[in-house]
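Here is the structure we will look at.
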Amino acid sequence: MMTTFWDEALIAKYNVKGPRYTSYPTALLLRSGYSAESVFSALKKAGSALSLYLHVPFCRELCYYCGCNKVISRDTSKADRYLDNLAVEMRSYQDATRHQTVRQLHFGGGTPTFLDENQLLRLMDLLHQHFHFAEDAELSIEIDPRSCSLEKLRLLRNLGFSRVSFGVQDFDPAVQEAIHRVQSVELVESLVNEARRLGFTSVNLDLVYGLPHQHCESFANTLQEVIRLDPDRISLFSYAHLPERFAAQRKIPEDALPDAKEKLALLALSVQTLQEAGFNAIGMDHFAKATDPLTIAQLGQKLTRNFQGYSVDPCDALLGLGVSAISQVGDQIWQHQKDLNDYYRAVAANQLAVDKGLLLSRDDQIRADVISSLMCNFVLDSAAIAKRWDIDFDQYFAQSLESLQSCLDDQLVKWQGSKLKVTARGRPWVRVVSACFDAYLLPQQQNYSKVV
Ligand SMILES: C[S@@+](CC[C@H](N)C(=O)[O-])C[C@H]1O[C@@H](n2cnc3c(N)ncnc32)[C@H](O)[C@@H]1O
Ligand code: SF4
């Protein structure tokens with residue numbers, strides 16, 4: 001399987017730009033003019049299980065590679081104003097979600113642990129005031145190790161958080177300097193050990209491959225350190241280099257970036273090393289131990305995908321809170337204002353901070369089903385899709401099947417009866433395979449990162 005990663009002909013042919021399909025249609029297709037009535041009616045129609053995503057945009061320092069929605073500041077009091085606004089926003093959503101119970105809560109960013117202890121306490125208090133939480137709701141948080149003391153980690157555990165994800169990216173000092181994110185192994189290790197001691201049930205480490213000055217030899221050391229820290233899960237993201245969209249990325253010298261061949265070698269090395277260490281490859285960019293719910297969901301073909309990546313949560317109501325947060329509830333997707341001041345202005349005007357949205361058509365929903373199945377389970381059961389949506393699969397997807405021909409010729413996929421399976425050789429190219437079923441792709445393509 002590994003040798004296929006270096007196939008230069010495949011790189012030349014398929015390393016184009018394309019979406020990561022955390023949703024279909026992708027967030028770039030959301031349109032302005034989306035009404036608060038649509039949001040409220042989607043929420044009121046939704047079932048009883050609610051997942052919350054809460055975005056905290058602040059970070060103390062700028063990592064040059066970062067593609068997240070963030071605001072750099074050293075002034076912690078800025079978060080007080082943000083919490084004031086979140087409180088108003090939560091009140092706006094309160095009535096429409098009254099029939100729902102929060103089963104999952106995820107804090108992402110930016111850096112949620114930019115908040116100090118009092119702010120974290122206040123935030124949890126606000127959430128409990130405005131939403132009804134299940135007793136066993138699963139609480140998870142993303143942590144920049146440099147922003148979290150052991151005391152803060154303890155507080156988070158006391159507040160009910162049981163899953164934690166630490167951003168590592170790479171331990172190599174040359175890479176860390178080039179990306180302006182210097183953090184020691186010892187720092188991460190002390191937090192991972194404390195998380196275990198405190199009883200966090202899941203520890204994830206984020207890595208990124210394709211960063212400046214990264215090469216296989218040094219990344220092998222990073223992987224060994226990561227394995228030694230013994231996380232339950234590892235996210236291994238392909239560096240999305242879009243300097244035209246993210247100004248800080250222009251500080252990264254292009255000639256220090258590994259080319260597509262080296263990048264694939266880094267991916268191959270990672271997959272091999274992590275698999276040998278007992279981690280299962282989940283979908284496109286996650287790894288998990290055999291006993292982890294992600295692995296179990298993948299084996300049972302129950303893995304799903306949401307805006308944060310792979311998930312075991314089949315919940316059909318994900319409500320995003322805060323600046324830039326995206327929600328998907330039933331057949332509707334909407335996103336809050338991306339700029340913090342626009343967000344504050346909307347909240348001050350007593351409006352939902354919804355900037356853009358989309359009502360999925362039936363065609364969107366059928367294609368979303370197909371793409372999710374490919375991205376999560378590397379298989380597409382055409383007979384099951386035909387039955388579920390009452391369509392003649394070959395006729396409905398005639399154009400897609402035509403574009404798929406080149407993936408078939410290159411053995412990225414193969415038919416087994418009515419099932420289209422992504423081969424081991426095709427796995428790094430699953431975004432390309434999925435794109436064959438994307439009705440919107442061509443005009444938007446330039447705004448996405450490269451596939452590998
Ligand atoms: C919001 S950050 C995680 C929390 C915290 N801010 C931190 O950096 O540790 C989410 C993750 O996105 C990934 N990421 C950010 N920018 C990226 C990019 N341009 N390409 C690929 N992954 C990226 C990094 O792995 C990062 O850990
Ligand atoms: S990677 Fe994390 S800490 Fe760094 S700028 Fe992005 S969100 Fe902030």
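In the structure tokens, each chain is lettered A, B, ... as it comes, each chain's residues begin at 1, and ligands are numbered from 1 in order of appearance.
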Which polymer residues have any atom within 12 Å of an atom of A:Ala349, counting only C-alpha atoms, with same-chain residues fewer than 5 positions away left out, as a short mmCIF file (atom, residue, chain, number, x, y, z; two decimals) with N, CA and C atoms, in the first residue's frame?
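Below is the file that was written, result15.cif:
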```
data_model
loop_
_atom_site.label_atom_id
_atom_site.label_comp_id
_atom_site.auth_asym_id
_atom_site.auth_seq_id
_atom_site.Cartn_x
_atom_site.Cartn_y
_atom_site.Cartn_z
N ASN A 85 -21.69 39.24 24.63
CA ASN A 85 -22.39 39.03 23.35
C ASN A 85 -22.91 37.60 23.22
N VAL A 88 -26.19 37.25 24.97
CA VAL A 88 -27.34 37.76 24.21
C VAL A 88 -27.71 36.74 23.12
N GLU A 89 -26.70 36.22 22.48
CA GLU A 89 -26.95 35.26 21.41
C GLU A 89 -27.65 34.00 21.94
N SER A 92 -31.20 34.52 22.33
CA SER A 92 -31.96 34.50 21.07
C SER A 92 -32.30 33.07 20.63
N ASP A 342 -18.35 42.87 13.03
CA ASP A 342 -19.66 42.64 12.39
C ASP A 342 -20.54 41.80 13.30
N TYR A 343 -19.91 40.82 13.93
CA TYR A 343 -20.65 39.95 14.85
C TYR A 343 -21.22 40.78 16.01
N TYR A 344 -20.37 41.64 16.60
CA TYR A 344 -20.83 42.48 17.71
C TYR A 344 -21.96 43.40 17.26
#
```
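Residues within 10 Å of A:Leu420, counting only C-alpha atoms and excluding same-chain residues fewer than 2 positions away, are A:Leu374, A:Phe378, A:Val379, A:Leu380, A:Asp381, A:Ser382, A:Leu408, A:Val413, A:Lys414, A:Trp415, A:Gln416, A:Gly417, A:Ser418, A:Val422, A:Thr423.
Atom CA of A:Arg388 to atom CA of A:Ser406 spans 27.2 Å [interatomic distance, one decimal].
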Subject >> Filtered DSSP result for stretch 226-353 of chain A, state alpha helix (DSSP H), as a PyMOL selection string >> reply: chain A and resi 226-229+260-276+293-299+340-348
Write out as CSV a residue-level contact list of stretch 348-415 of chain A versus stretch 333-338 of chain A with cut-off 6 Å: for each qualifying residue the closest pair of atoms and the distance in Å to one decimal, counting only C-alpha atoms, rows sorted by chain and residue number upward.
```
residue,atom,partner,partner_atom,distance
A:Ala353,CA,A:His336,CA,5.2
A:Val354,CA,A:His336,CA,4.2
A:Asp355,CA,A:Gln337,CA,4.9
A:Lys356,CA,A:Gln335,CA,5.4
A:Gly357,CA,A:Trp334,CA,3.9
A:Leu358,CA,A:Ile333,CA,5.3
```
Counting only C-alpha atoms and all ligand atoms, which residues in chain A sit no more than 8 Å from ligand 2? For each one, give the nearest pair of atoms and the distance in Å, sorted by chain then residue number, as a Markdown table.
```
| residue | atom | partner | partner_atom_place_in_ligand_line | distance |
| --- | --- | --- | --- | --- |
| A:Pro57 | CA | ligand 2 | 7 (S) | 7.4 |
| A:Phe58 | CA | ligand 2 | 8 (Fe) | 7.0 |
| A:Cys59 | CA | ligand 2 | 8 (Fe) | 4.7 |
| A:Arg60 | CA | ligand 2 | 3 (S) | 7.4 |
| A:Glu61 | CA | ligand 2 | 5 (S) | 6.3 |
| A:Leu62 | CA | ligand 2 | 5 (S) | 4.4 |
| A:Cys63 | CA | ligand 2 | 4 (Fe) | 4.2 |
| A:Tyr64 | CA | ligand 2 | 5 (S) | 7.1 |
| A:Tyr65 | CA | ligand 2 | 1 (S) | 7.2 |
| A:Cys66 | CA | ligand 2 | 6 (Fe) | 4.4 |
| A:Gly67 | CA | ligand 2 | 6 (Fe) | 6.5 |
| A:Cys68 | CA | ligand 2 | 6 (Fe) | 5.4 |
| A:Asn69 | CA | ligand 2 | 7 (S) | 7.0 |
| A:Lys70 | CA | ligand 2 | 7 (S) | 5.9 |
| A:Val71 | CA | ligand 2 | 8 (Fe) | 7.9 |
| A:Ile72 | CA | ligand 2 | 5 (S) | 7.5 |
| A:Gly109 | CA | ligand 2 | 7 (S) | 5.5 |
| A:Gly110 | CA | ligand 2 | 7 (S) | 3.7 |
| A:Thr111 | CA | ligand 2 | 7 (S) | 5.6 |
| A:Asp144 | CA | ligand 2 | 3 (S) | 5.7 |
| A:Gly167 | CA | ligand 2 | 2 (Fe) | 7.1 |
| A:Arg181 | CA | ligand 2 | 4 (Fe) | 7.2 |
```
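Restricting the calculation to only C-alpha atoms, the smallest distance between A:Arg196 and any of A:Ser35, A:Ser162, A:Ser311, A:Gln100 is found for A:Ser162.
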